[in-house]
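This is start-v2.cif. It holds mmCIF, C-alpha atoms (C1' of nucleotides).
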data_run
loop_
_atom_site.group_PDB
_atom_site.id
_atom_site.type_symbol
_atom_site.label_atom_id
_atom_site.label_comp_id
_atom_site.auth_asym_id
_atom_site.auth_seq_id
_atom_site.Cartn_x
_atom_site.Cartn_y
_atom_site.Cartn_z
ATOM 1 C CA MET A 1 0.000 0.000 0.000
ATOM 2 C CA LEU A 2 1.122 3.507 -0.855
ATOM 3 C CA SER A 3 1.538 5.792 2.119
ATOM 4 C CA LYS A 4 -0.507 8.961 2.289
ATOM 5 C CA LYS A 5 2.724 10.851 1.977
ATOM 6 C CA THR A 6 3.441 9.323 -1.417
ATOM 7 C CA LYS A 7 -0.104 9.710 -2.612
ATOM 8 C CA TYR A 8 -0.236 13.367 -1.573
ATOM 9 C CA GLY A 9 3.195 13.965 -3.045
ATOM 10 C CA ILE A 10 2.157 12.614 -6.415
ATOM 11 C CA LYS A 11 -1.039 14.637 -6.373
ATOM 12 C CA ALA A 12 0.898 17.774 -5.551
ATOM 13 C CA LEU A 13 3.394 17.166 -8.332
ATOM 14 C CA ALA A 14 0.580 16.502 -10.766
ATOM 15 C CA PHE A 15 -1.118 19.690 -9.659
ATOM 16 C CA LEU A 16 2.056 21.654 -10.340
ATOM 17 C CA ALA A 17 2.470 19.893 -13.662
ATOM 18 C CA LYS A 18 -0.851 21.127 -14.946
ATOM 19 C CA GLN A 19 -0.218 24.766 -14.093
ATOM 20 C CA PRO A 20 -0.363 26.942 -17.214
ATOM 21 C CA ASP A 21 2.811 28.804 -16.298
ATOM 22 C CA LYS A 22 5.864 28.262 -14.149
ATOM 23 C CA ASN A 23 4.799 30.625 -11.390
ATOM 24 C CA PRO A 24 5.264 29.363 -7.842
ATOM 25 C CA VAL A 25 2.199 27.829 -6.215
ATOM 26 C CA GLN A 26 1.710 28.087 -2.493
ATOM 27 C CA THR A 27 1.441 25.043 -0.275
ATOM 28 C CA SER A 28 -1.950 26.188 0.958
ATOM 29 C CA GLU A 29 -3.330 26.410 -2.558
ATOM 30 C CA ILE A 30 -2.250 22.892 -3.431
ATOM 31 C CA ALA A 31 -3.501 21.633 -0.107
ATOM 32 C CA SER A 32 -6.971 23.074 -0.472
ATOM 33 C CA ASN A 33 -7.314 21.971 -4.073
ATOM 34 C CA GLU A 34 -6.243 18.420 -3.328
ATOM 35 C CA ASN A 35 -7.864 18.105 0.093
ATOM 36 C CA ILE A 36 -4.624 17.587 1.949
ATOM 37 C CA SER A 37 -3.613 18.813 5.385
ATOM 38 C CA SER A 38 -1.575 21.918 4.720
ATOM 39 C CA LYS A 39 1.000 21.235 7.404
ATOM 40 C CA PHE A 40 1.500 17.647 6.297
ATOM 41 C CA LEU A 41 1.866 18.711 2.697
ATOM 42 C CA GLU A 42 4.438 21.264 3.770
ATOM 43 C CA SER A 43 6.831 18.555 4.906
ATOM 44 C CA ILE A 44 6.243 16.559 1.750
ATOM 45 C CA LEU A 45 6.976 19.483 -0.546
ATOM 46 C CA LEU A 46 10.086 20.198 1.449
ATOM 47 C CA ASP A 47 11.221 16.636 0.794
ATOM 48 C CA LEU A 48 10.524 17.003 -2.891
ATOM 49 C CA ARG A 49 12.498 20.191 -3.034
ATOM 50 C CA LYS A 50 15.465 18.638 -1.254
ATOM 51 C CA SER A 51 15.445 15.713 -3.636
ATOM 52 C CA GLY A 52 15.557 17.996 -6.626
ATOM 53 C CA PHE A 53 12.048 17.817 -8.007
ATOM 54 C CA LEU A 54 10.896 21.225 -6.882
ATOM 55 C CA GLY A 55 12.235 24.720 -6.611
ATOM 56 C CA SER A 56 10.883 27.179 -4.096
ATOM 57 C CA LYS A 57 10.526 30.856 -3.491
ATOM 58 C CA LYS A 58 9.963 32.478 -0.139
ATOM 59 C CA GLY A 59 7.785 35.407 0.858
ATOM 60 C CA LYS A 60 4.816 36.970 -0.877
ATOM 61 C CA GLY A 61 4.131 35.460 -4.259
ATOM 62 C CA GLY A 62 6.314 32.576 -3.281
ATOM 63 C CA GLY A 63 5.637 28.863 -3.391
ATOM 64 C CA TYR A 64 6.849 25.749 -5.159
ATOM 65 C CA TYR A 65 7.371 25.033 -8.825
ATOM 66 C CA LEU A 66 8.625 22.137 -10.920
ATOM 67 C CA ILE A 67 12.271 22.316 -11.842
ATOM 68 C CA LYS A 68 12.058 19.909 -14.759
ATOM 69 C CA LYS A 69 9.429 19.412 -17.422
ATOM 70 C CA PRO A 70 6.646 17.012 -16.424
ATOM 71 C CA GLU A 71 7.520 14.657 -19.271
ATOM 72 C CA GLU A 72 11.049 14.338 -17.917
ATOM 73 C CA ILE A 73 9.966 13.181 -14.468
ATOM 74 C CA LEU A 74 9.648 9.402 -14.279
ATOM 75 C CA MET A 75 7.210 7.969 -11.796
ATOM 76 C CA THR A 76 9.835 5.465 -10.692
ATOM 77 C CA SER A 77 11.999 8.258 -9.329
ATOM 78 C CA VAL A 78 9.059 10.032 -7.725
ATOM 79 C CA ILE A 79 7.954 6.923 -5.871
ATOM 80 C CA ARG A 80 11.473 5.970 -4.849
ATOM 81 C CA VAL A 81 11.949 9.346 -3.221
ATOM 82 C CA LEU A 82 8.580 9.508 -1.525
ATOM 83 C CA GLU A 83 7.893 5.871 -0.686
ATOM 84 C CA GLY A 84 11.250 4.164 -0.859
ATOM 85 C CA PRO A 85 11.685 0.787 -2.557
ATOM 86 C CA ILE A 86 9.337 -0.218 -5.360
ATOM 87 C CA ALA A 87 9.990 -3.918 -4.781
ATOM 88 C CA MET A 88 7.791 -5.840 -2.369
ATOM 89 C CA VAL A 89 10.736 -7.427 -0.564
ATOM 90 C CA PRO A 90 14.075 -5.769 0.188
ATOM 91 C CA CYS A 91 16.022 -8.706 -1.287
ATOM 92 C CA VAL A 92 14.815 -7.886 -4.816
ATOM 93 C CA SER A 93 15.077 -4.130 -4.542
ATOM 94 C CA LEU A 94 17.432 -2.503 -7.019
ATOM 95 C CA ASN A 95 17.840 0.738 -5.094
ATOM 96 C CA TYR A 96 17.243 -0.345 -1.512
ATOM 97 C CA TYR A 97 18.632 -3.871 -1.442
ATOM 98 C CA GLU A 98 18.790 -5.719 1.855
ATOM 99 C CA LYS A 99 19.544 -9.355 2.474
ATOM 100 C CA CYS A 100 16.850 -11.390 4.200
ATOM 101 C CA ILE A 101 17.851 -12.773 7.580
ATOM 102 C CA ASP A 102 15.758 -15.880 7.169
ATOM 103 C CA CYS A 103 16.901 -16.670 3.663
ATOM 104 C CA PRO A 104 20.184 -18.599 3.267
ATOM 105 C CA ASP A 105 20.088 -18.697 -0.532
ATOM 106 C CA GLU A 106 18.221 -16.214 -2.690
ATOM 107 C CA ASP A 107 18.510 -18.347 -5.802
ATOM 108 C CA THR A 108 16.468 -21.141 -4.300
ATOM 109 C CA CYS A 109 14.022 -18.925 -2.382
ATOM 110 C CA SER A 110 10.463 -19.410 -3.530
ATOM 111 C CA VAL A 111 9.449 -15.864 -2.737
ATOM 112 C CA HIS A 112 12.465 -14.304 -4.395
ATOM 113 C CA LYS A 113 11.775 -15.380 -7.943
ATOM 114 C CA LEU A 114 8.145 -14.384 -7.817
ATOM 115 C CA MET A 115 8.903 -10.996 -6.382
ATOM 116 C CA ILE A 116 11.445 -10.272 -9.092
ATOM 117 C CA GLN A 117 8.683 -10.733 -11.636
ATOM 118 C CA VAL A 118 6.377 -8.425 -9.722
ATOM 119 C CA ARG A 119 9.103 -5.851 -9.357
ATOM 120 C CA ASP A 120 9.920 -5.892 -13.061
ATOM 121 C CA SER A 121 6.329 -5.539 -14.152
ATOM 122 C CA THR A 122 5.816 -2.650 -11.755
ATOM 123 C CA LEU A 123 9.025 -0.988 -12.888
ATOM 124 C CA ASN A 124 7.849 -1.359 -16.439
ATOM 125 C CA VAL A 125 4.650 0.548 -15.719
ATOM 126 C CA LEU A 126 6.206 3.235 -13.553
ATOM 127 C CA GLY A 127 9.176 3.638 -15.865
ATOM 128 C CA ASN A 128 6.879 4.260 -18.807
ATOM 129 C CA ASN A 129 4.873 6.938 -17.059
ATOM 130 C CA THR A 130 5.960 10.476 -16.381
ATOM 131 C CA LEU A 131 4.245 13.295 -14.543
ATOM 132 C CA ALA A 132 2.933 14.442 -17.908
ATOM 133 C CA ASP A 133 1.008 11.197 -18.312
ATOM 134 C CA LEU A 134 -0.958 11.630 -15.110
ATOM 135 C CA SER A 135 -3.250 14.432 -16.180
ATOM 136 C CA MET B 1 6.268 -4.046 1.078
ATOM 137 C CA LEU B 2 5.158 -7.558 1.893
ATOM 138 C CA SER B 3 4.625 -8.218 5.568
ATOM 139 C CA LYS B 4 6.634 -10.934 7.258
ATOM 140 C CA LYS B 5 3.403 -12.788 7.720
ATOM 141 C CA THR B 6 2.815 -12.995 3.982
ATOM 142 C CA LYS B 7 6.392 -13.857 3.226
ATOM 143 C CA TYR B 8 6.458 -16.630 5.812
ATOM 144 C CA GLY B 9 3.082 -17.887 4.681
ATOM 145 C CA ILE B 10 4.239 -18.201 1.084
ATOM 146 C CA LYS B 11 7.415 -19.954 2.155
ATOM 147 C CA ALA B 12 5.425 -22.380 4.257
ATOM 148 C CA LEU B 13 3.027 -23.116 1.414
ATOM 149 C CA ALA B 14 5.926 -23.621 -0.964
ATOM 150 C CA PHE B 15 7.559 -25.942 1.544
ATOM 151 C CA LEU B 16 4.405 -28.022 1.728
ATOM 152 C CA ALA B 17 4.091 -27.983 -2.036
ATOM 153 C CA LYS B 18 7.452 -29.638 -2.517
ATOM 154 C CA GLN B 19 6.757 -32.491 -0.114
ATOM 155 C CA PRO B 20 6.977 -35.854 -1.888
ATOM 156 C CA ASP B 21 3.753 -37.106 -0.329
ATOM 157 C CA LYS B 22 0.631 -35.655 1.240
ATOM 158 C CA ASN B 23 1.588 -36.513 4.823
ATOM 159 C CA PRO B 24 1.034 -33.766 7.388
ATOM 160 C CA VAL B 25 4.055 -31.646 8.238
ATOM 161 C CA GLN B 26 4.418 -30.156 11.686
ATOM 162 C CA THR B 27 4.654 -26.430 12.254
ATOM 163 C CA SER B 28 7.999 -26.862 13.979
ATOM 164 C CA GLU B 29 9.492 -28.660 10.995
ATOM 165 C CA ILE B 30 8.454 -25.940 8.583
ATOM 166 C CA ALA B 31 9.613 -23.279 11.014
ATOM 167 C CA SER B 32 13.098 -24.724 11.445
ATOM 168 C CA ASN B 33 13.545 -25.386 7.740
ATOM 169 C CA GLU B 34 12.490 -21.895 6.748
ATOM 170 C CA ASN B 35 13.990 -20.030 9.712
ATOM 171 C CA ILE B 36 10.714 -18.746 11.018
ATOM 172 C CA SER B 37 9.584 -18.269 14.604
ATOM 173 C CA SER B 38 7.534 -21.360 15.353
ATOM 174 C CA LYS B 39 4.882 -19.545 17.347
ATOM 175 C CA PHE B 40 4.465 -16.867 14.734
ATOM 176 C CA LEU B 41 4.202 -19.445 11.989
ATOM 177 C CA GLU B 42 1.563 -21.262 14.010
ATOM 178 C CA SER B 43 -0.831 -18.338 13.719
ATOM 179 C CA ILE B 44 -0.129 -17.994 10.022
ATOM 180 C CA LEU B 45 -0.818 -21.646 9.282
ATOM 181 C CA LEU B 46 -4.007 -21.380 11.265
ATOM 182 C CA ASP B 47 -5.076 -18.524 9.030
ATOM 183 C CA LEU B 48 -4.259 -20.541 5.947
ATOM 184 C CA ARG B 49 -6.278 -23.440 7.218
ATOM 185 C CA LYS B 50 -9.277 -21.270 7.997
ATOM 186 C CA SER B 51 -9.163 -19.765 4.533
ATOM 187 C CA GLY B 52 -9.186 -23.173 2.916
ATOM 188 C CA PHE B 53 -5.635 -23.634 1.726
ATOM 189 C CA LEU B 54 -4.542 -26.142 4.322
ATOM 190 C CA GLY B 55 -5.919 -29.140 6.128
ATOM 191 C CA SER B 56 -4.689 -30.141 9.533
ATOM 192 C CA LYS B 57 -4.397 -33.134 11.790
ATOM 193 C CA LYS B 58 -3.976 -32.993 15.543
ATOM 194 C CA GLY B 59 -1.899 -35.160 17.825
ATOM 195 C CA LYS B 60 1.114 -37.343 17.113
ATOM 196 C CA GLY B 61 1.950 -37.552 13.447
ATOM 197 C CA GLY B 62 -0.226 -34.519 12.899
ATOM 198 C CA GLY B 63 0.518 -31.275 11.109
ATOM 199 C CA TYR B 64 -0.595 -29.335 8.076
ATOM 200 C CA TYR B 65 -0.997 -30.384 4.458
ATOM 201 C CA LEU B 66 -2.151 -28.781 1.215
ATOM 202 C CA ILE B 67 -5.774 -29.381 0.351
ATOM 203 C CA LYS B 68 -5.448 -28.568 -3.328
ATOM 204 C CA LYS B 69 -2.737 -29.326 -5.838
ATOM 205 C CA PRO B 70 0.038 -26.697 -5.958
ATOM 206 C CA GLU B 71 -0.714 -25.942 -9.594
ATOM 207 C CA GLU B 72 -4.280 -25.064 -8.646
ATOM 208 C CA ILE B 73 -3.316 -22.442 -6.095
ATOM 209 C CA LEU B 74 -2.983 -18.988 -7.643
ATOM 210 C CA MET B 75 -0.608 -16.561 -6.012
ATOM 211 C CA THR B 76 -3.246 -13.860 -6.259
ATOM 212 C CA SER B 77 -5.478 -15.726 -3.834
ATOM 213 C CA VAL B 78 -2.603 -16.545 -1.502
ATOM 214 C CA ILE B 79 -1.532 -12.931 -1.245
ATOM 215 C CA ARG B 80 -5.071 -11.635 -0.881
ATOM 216 C CA VAL B 81 -5.641 -13.894 2.082
ATOM 217 C CA LEU B 82 -2.321 -13.226 3.774
ATOM 218 C CA GLU B 83 -1.646 -9.612 2.884
ATOM 219 C CA GLY B 84 -4.975 -8.191 1.840
ATOM 220 C CA PRO B 85 -5.320 -5.974 -1.225
ATOM 221 C CA ILE B 86 -2.888 -6.335 -4.107
ATOM 222 C CA ALA B 87 -3.524 -2.802 -5.298
ATOM 223 C CA MET B 88 -1.405 0.024 -3.970
ATOM 224 C CA VAL B 89 -4.372 2.239 -3.186
ATOM 225 C CA PRO B 90 -7.761 1.105 -1.871
ATOM 226 C CA CYS B 91 -9.622 3.021 -4.571
ATOM 227 C CA VAL B 92 -8.319 0.696 -7.313
ATOM 228 C CA SER B 93 -8.620 -2.528 -5.347
ATOM 229 C CA LEU B 94 -10.899 -5.128 -6.888
ATOM 230 C CA ASN B 95 -11.385 -7.146 -3.707
ATOM 231 C CA TYR B 96 -10.908 -4.525 -1.019
ATOM 232 C CA TYR B 97 -12.268 -1.379 -2.629
ATOM 233 C CA GLU B 98 -12.543 1.762 -0.551
ATOM 234 C CA LYS B 99 -13.272 5.286 -1.664
ATOM 235 C CA CYS B 100 -10.613 7.903 -0.959
ATOM 236 C CA ILE B 101 -11.727 10.670 1.380
ATOM 237 C CA ASP B 102 -9.564 13.254 -0.323
ATOM 238 C CA CYS B 103 -10.591 12.366 -3.845
ATOM 239 C CA PRO B 104 -13.831 13.886 -5.187
ATOM 240 C CA ASP B 105 -13.612 12.217 -8.592
ATOM 241 C CA GLU B 106 -11.705 9.034 -9.335
ATOM 242 C CA ASP B 107 -11.878 9.520 -13.069
ATOM 243 C CA THR B 108 -9.870 12.695 -12.945
ATOM 244 C CA CYS B 109 -7.513 11.620 -10.159
ATOM 245 C CA SER B 110 -3.906 11.560 -11.270
ATOM 246 C CA VAL B 111 -2.950 8.763 -8.913
ATOM 247 C CA HIS B 112 -5.916 6.600 -9.770
ATOM 248 C CA LYS B 113 -5.106 5.943 -13.408
ATOM 249 C CA LEU B 114 -1.488 5.135 -12.704
ATOM 250 C CA MET B 115 -2.323 2.761 -9.914
ATOM 251 C CA ILE B 116 -4.780 0.866 -12.071
ATOM 252 C CA GLN B 117 -1.927 0.155 -14.457
ATOM 253 C CA VAL B 118 0.294 -1.024 -11.619
ATOM 254 C CA ARG B 119 -2.473 -3.174 -10.223
ATOM 255 C CA ASP B 120 -3.164 -4.825 -13.557
ATOM 256 C CA SER B 121 0.457 -5.613 -14.252
ATOM 257 C CA THR B 122 0.862 -7.078 -10.775
ATOM 258 C CA LEU B 123 -2.315 -9.105 -11.135
ATOM 259 C CA ASN B 124 -1.014 -10.379 -14.423
ATOM 260 C CA VAL B 125 2.132 -11.738 -12.798
ATOM 261 C CA LEU B 126 0.497 -13.149 -9.695
ATOM 262 C CA GLY B 127 -2.396 -14.593 -11.664
ATOM 263 C CA ASN B 128 -0.010 -16.470 -13.915
ATOM 264 C CA ASN B 129 1.929 -18.026 -11.075
ATOM 265 C CA THR B 130 0.780 -20.873 -8.889
ATOM 266 C CA LEU B 131 2.402 -22.519 -5.904
ATOM 267 C CA ALA B 132 3.816 -25.066 -8.324
ATOM 268 C CA ASP B 133 5.782 -22.346 -10.098
ATOM 269 C CA LEU B 134 7.643 -21.238 -7.016
ATOM 270 C CA SER B 135 9.966 -24.183 -6.596
ATOM 271 C "C1'" DT C 1 -7.463 -45.684 30.353
ATOM 272 C "C1'" DG C 2 -3.935 -42.423 30.312
ATOM 273 C "C1'" DC C 3 0.045 -40.102 28.479
ATOM 274 C "C1'" DA C 4 2.315 -37.662 24.849
ATOM 275 C "C1'" DT C 5 1.769 -34.904 20.987
ATOM 276 C "C1'" DA C 6 0.595 -31.108 18.094
ATOM 277 C "C1'" DA C 7 -3.010 -28.288 16.533
ATOM 278 C "C1'" DC C 8 -6.034 -24.661 18.303
ATOM 279 C "C1'" DC C 9 -7.203 -20.268 20.551
ATOM 280 C "C1'" DT C 10 -6.925 -15.742 23.158
ATOM 281 C "C1'" DA C 11 -4.579 -12.154 24.948
ATOM 282 C "C1'" DT C 12 -0.861 -9.162 25.364
ATOM 283 C "C1'" DT C 13 3.528 -7.038 24.538
ATOM 284 C "C1'" DA C 14 7.184 -4.387 22.319
ATOM 285 C "C1'" DA C 15 8.593 -2.115 18.620
ATOM 286 C "C1'" DT C 16 8.020 0.402 14.615
ATOM 287 C "C1'" DC C 17 5.988 3.392 11.384
ATOM 288 C "C1'" DC C 18 2.604 6.730 9.741
ATOM 289 C "C1'" DT C 19 -0.015 10.803 9.986
ATOM 290 C "C1'" DA C 20 -0.550 14.964 11.646
ATOM 291 C "C1'" DT C 21 0.217 19.071 14.539
ATOM 292 C "C1'" DA C 22 2.709 22.682 17.112
ATOM 293 C "C1'" DG C 23 5.590 26.399 17.181
ATOM 294 C "C1'" DG C 24 9.053 28.803 15.912
ATOM 295 C "C1'" DT C 25 12.949 30.835 12.254
ATOM 296 C "C1'" DT C 26 14.434 32.702 7.884
ATOM 297 C "C1'" DA C 27 14.132 35.035 3.649
ATOM 298 C "C1'" DA C 28 11.654 37.649 0.160
ATOM 299 C "C1'" DT C 29 8.280 41.149 -1.178
ATOM 300 C "C1'" DA C 30 5.825 45.543 -1.018
ATOM 301 C "C1'" DT D 1 8.986 47.689 8.491
ATOM 302 C "C1'" DA D 2 5.126 44.536 8.111
ATOM 303 C "C1'" DT D 3 3.544 40.731 5.772
ATOM 304 C "C1'" DT D 4 4.039 36.594 3.603
ATOM 305 C "C1'" DA D 5 5.278 31.874 2.878
ATOM 306 C "C1'" DA D 6 8.935 28.695 2.889
ATOM 307 C "C1'" DC D 7 11.926 26.338 6.214
ATOM 308 C "C1'" DC D 8 13.030 23.479 10.259
ATOM 309 C "C1'" DT D 9 12.658 20.573 14.573
ATOM 310 C "C1'" DA D 10 10.259 18.157 17.713
ATOM 311 C "C1'" DT D 11 6.679 15.468 19.185
ATOM 312 C "C1'" DA D 12 2.179 13.314 19.955
ATOM 313 C "C1'" DG D 13 -1.213 9.891 18.894
ATOM 314 C "C1'" DG D 14 -2.589 6.119 16.491
ATOM 315 C "C1'" DA D 15 -2.285 2.119 13.878
ATOM 316 C "C1'" DT D 16 -0.016 -1.865 12.510
ATOM 317 C "C1'" DT D 17 3.276 -5.523 12.813
ATOM 318 C "C1'" DA D 18 5.997 -9.149 14.821
ATOM 319 C "C1'" DA D 19 6.374 -11.966 18.261
ATOM 320 C "C1'" DT D 20 5.509 -14.284 22.820
ATOM 321 C "C1'" DA D 21 2.933 -16.395 26.620
ATOM 322 C "C1'" DG D 22 0.016 -19.622 28.285
ATOM 323 C "C1'" DG D 23 -3.432 -22.276 28.129
ATOM 324 C "C1'" DT D 24 -7.296 -25.820 25.747
ATOM 325 C "C1'" DT D 25 -8.746 -29.467 22.651
ATOM 326 C "C1'" DA D 26 -8.387 -33.447 19.919
ATOM 327 C "C1'" DT D 27 -5.703 -37.405 18.218
ATOM 328 C "C1'" DG D 28 -2.615 -41.478 18.318
ATOM 329 C "C1'" DC D 29 -0.536 -44.999 20.861
ATOM 330 C "C1'" DA D 30 0.922 -47.960 24.697
#
Once you've parsed the file, please lay out its structure as structure tokens.
Amino acid sequence: MLSKKTKYGIKALAFLAKQPDKNPVQTSEIASNENISSKFLESILLDLRKSGFLGSKKGKGGGYYLIKKPEEILMTSVIRVLEGPIAMVPCVSLNYYEKCIDCPDEDTCSVHKLMIQVRDSTLNVLGNNTLADLS
Amino acid sequence: MLSKKTKYGIKALAFLAKQPDKNPVQTSEIASNENISSKFLESILLDLRKSGFLGSKKGKGGGYYLIKKPEEILMTSVIRVLEGPIAMVPCVSLNYYEKCIDCPDEDTCSVHKLMIQVRDSTLNVLGNNTLADLS
DNA sequence: TGCATAACCTATTAATCCTATAGGTTAATA
DNA sequence: TATTAACCTATAGGATTAATAGGTTATGCA
């Protein structure tokens, strides 16, 4: 299951992506349009800025804006930043790999092989969608 | 991410699937072979019995055994019973649907459409794998 | 009949993670 | 100089997960 954080983050990015111009949009405006707690969204947007998706401007007329074009932002990278691993088990994660304690040999693990298939099919979908495809 | 419960449950089912005969296997034997806490596994196997995957026999020589043939057990149904929804958001779940509070219209929701794609690709993988495919 | 065995069941804990809020600081604008 | 809105840290409350404890019931066997 996607966390609320990820879901809200995607919605916020999509909201910014459909803006007619590149003017900064305030947290409160995104929050009210997408029915998100403004304070919670604040921390999410801050994350997205720190990870290079958003730029920001302080003070009156300030807000957040997309740094790259929507069609250049892959959903794989968005989800990895907001949610973490895309894989369903750490031992098949490409970006967040962790060995299983209970699993002596990954090659013979029944779960492992199945979860690689799931991971690859999910990566295929998310890697073929950008922010521009969400609207 | 898959819960430990689901992961252990799949491993246990796969362990039973590769037994040469249909004799009951004790919880403790599965637990030690798969490096799972015996007590924790106990509750998982109980779940799997109640949901119709396993039969059980009490007393000496007792244990758990598969009711159906491994090739008849779809991984979709296994995961739905152990983990719950396969979808990443409740609003695209086929078996555990729930409306989003923050989302006035699913058809125009940016997350919705993407998550339907992810769901379908995952269903495709899990629906084409049975317990027999795991070994 | 009675003992050993292993499933069955309920409750509870400890730990972790998620969601959200509070309250203040900094920088930009007018 | 006042207002605005991003920035930052801490924390609370809740939910969920992983695991343990401790007992009950049913079966097989001597």
Please identify all residues of chain A having at least one atom at most 9 Å from any atom of chain C, considering all atoms listed in the file, and return them as a compact mmCIF listing (two decimals) with C-alpha atoms, keeping the file's coordinate frame.
# COMPACT_ATOMS: atom_id res chain seq x y z
CA SER A 3 1.54 5.79 2.12
CA LYS A 4 -0.51 8.96 2.29
CA LYS A 5 2.72 10.85 1.98
CA SER A 37 -3.61 18.81 5.38
CA LYS A 39 1.00 21.24 7.40
CA PHE A 40 1.50 17.65 6.30
CA LYS A 57 10.53 30.86 -3.49
CA LYS A 58 9.96 32.48 -0.14
CA GLY A 59 7.78 35.41 0.86
CA LYS A 60 4.82 36.97 -0.88
CA GLY A 61 4.13 35.46 -4.26
CA GLY A 62 6.31 32.58 -3.28
Atom-to-atom span, CA of Ser121 in chain A and CA of Glu106 in chain B, Å: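 For CA of Ser121 in chain A relative to CA of Glu106 in chain B, the distance reads 23.7 Å.
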Could you produce a table of the residues of range 58-130 of chain B lying within 9 Å of range 7-18 of chain A, with the nearest pair of atoms per residue and their separation in Å rounded to one decimal, using all atoms listed in the file, ordered by chain and increasing residue number, as a tab-separated table?
residue	atom	partner	partner_atom	distance
B:Val89	CA	A:Lys7	CA	8.6
B:Cys109	CA	A:Lys11	CA	8.1
B:Ser110	CA	A:Lys11	CA	6.5
B:Val111	CA	A:Lys11	CA	6.7
Can I get the selected residues back with C-alpha atoms, as a PDB file, keeping the file's coordinate frame?
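Written file, part_19.pdb:
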ATOM      1  CA  VAL B  89      -4.372   2.239  -3.186  1.00  0.00           C
ATOM      2  CA  CYS B 109      -7.513  11.620 -10.159  1.00  0.00           C
ATOM      3  CA  SER B 110      -3.906  11.560 -11.270  1.00  0.00           C
ATOM      4  CA  VAL B 111      -2.950   8.763  -8.913  1.00  0.00           C
TER       5      VAL B 111
END
Length of the CA of Phe53 in chain B to CA of Leu41 in chain B vector [Å]: 14.8 Å
Residues within 8 Å of (-5.4, -28.2, 7.6), counting only C-alpha atoms (C1' of nucleotides), listed as a list in words: Leu46, Leu48, Arg49, Lys50, Gly52, Phe53, Leu54, Gly55, Ser56, Lys57, Gly63, Tyr64, Tyr65, Leu66 and Ile67 of chain B
Residue nearest Ser43 in chain A among A:Asn124, A:Ser135, A:Thr6, A:Asn95 (counting only C-alpha atoms): A:Thr6
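Of the listed residues B:Ile79, B:Leu126, B:Leu45, B:Val25, the one whose atoms come nearest to chain A is B:Leu126, with distances taken using all atoms listed in the file.
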Chain D residues near chain B (9 Å cut-off, only C-alpha atoms (C1' of nucleotides)) as a ChimeraX atom specification: /D:17-20,26-29
Separation of CA of Leu114 in chain A from CA of Met1 in chain B, in Å and rounded to one decimal: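 Interatomic distance here is 13.8 Å.
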Shell of 9 Å around Met115 in chain A, only C-alpha atoms (C1' of nucleotides), local chain residues under 6 positions omitted, as a PyMOL selection string: chain A and resi 87-89+92
Closest of A:Asp21, A:Asp102, A:Glu83, A:Glu29 to chain B - atom-to-atom distances counting all atoms listed in the file: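 Among the listed residues, the smallest separation from chain B belongs to A:Asp102.
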Polymer residues at most 9 Å from Ile86 in chain B, only C-alpha atoms (C1' of nucleotides), same-chain spacing of 6 or more positions, as number ranges by chain: A: 1; B: 76, 79-80, 93-96, 119, 122-123
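Among the candidate residues B:Gln19, B:Val125, B:Thr130, B:Glu42, the one lying nearest to chain A is B:Val125, with distances computed using only C-alpha atoms.
The closest residue to chain A, picked from B:Leu134, B:Ile73, B:Val81, B:Ile101 and counting all atoms listed in the file, is B:Leu134.
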Nearest to chain B by atom-to-atom distance, counting all atoms listed in the file, from A:Gln26, A:Leu82, A:Tyr97, A:Glu34: A:Glu34
Selected range 6-30 of chain C, written as a CSV table (one decimal), in the first residue's frame, C-alpha atoms (C1' of nucleotides):
chain,number,residue,atom,x,y,z
C,6,DA,C1',0.6,-31.1,18.1
C,7,DA,C1',-3.0,-28.3,16.5
C,8,DC,C1',-6.0,-24.7,18.3
C,9,DC,C1',-7.2,-20.3,20.6
C,10,DT,C1',-6.9,-15.7,23.2
C,11,DA,C1',-4.6,-12.2,24.9
C,12,DT,C1',-0.9,-9.2,25.4
C,13,DT,C1',3.5,-7.0,24.5
C,14,DA,C1',7.2,-4.4,22.3
C,15,DA,C1',8.6,-2.1,18.6
C,16,DT,C1',8.0,0.4,14.6
C,17,DC,C1',6.0,3.4,11.4
C,18,DC,C1',2.6,6.7,9.7
C,19,DT,C1',0.0,10.8,10.0
C,20,DA,C1',-0.5,15.0,11.6
C,21,DT,C1',0.2,19.1,14.5
C,22,DA,C1',2.7,22.7,17.1
C,23,DG,C1',5.6,26.4,17.2
C,24,DG,C1',9.1,28.8,15.9
C,25,DT,C1',12.9,30.8,12.3
C,26,DT,C1',14.4,32.7,7.9
C,27,DA,C1',14.1,35.0,3.6
C,28,DA,C1',11.7,37.6,0.2
C,29,DT,C1',8.3,41.1,-1.2
C,30,DA,C1',5.8,45.5,-1.0
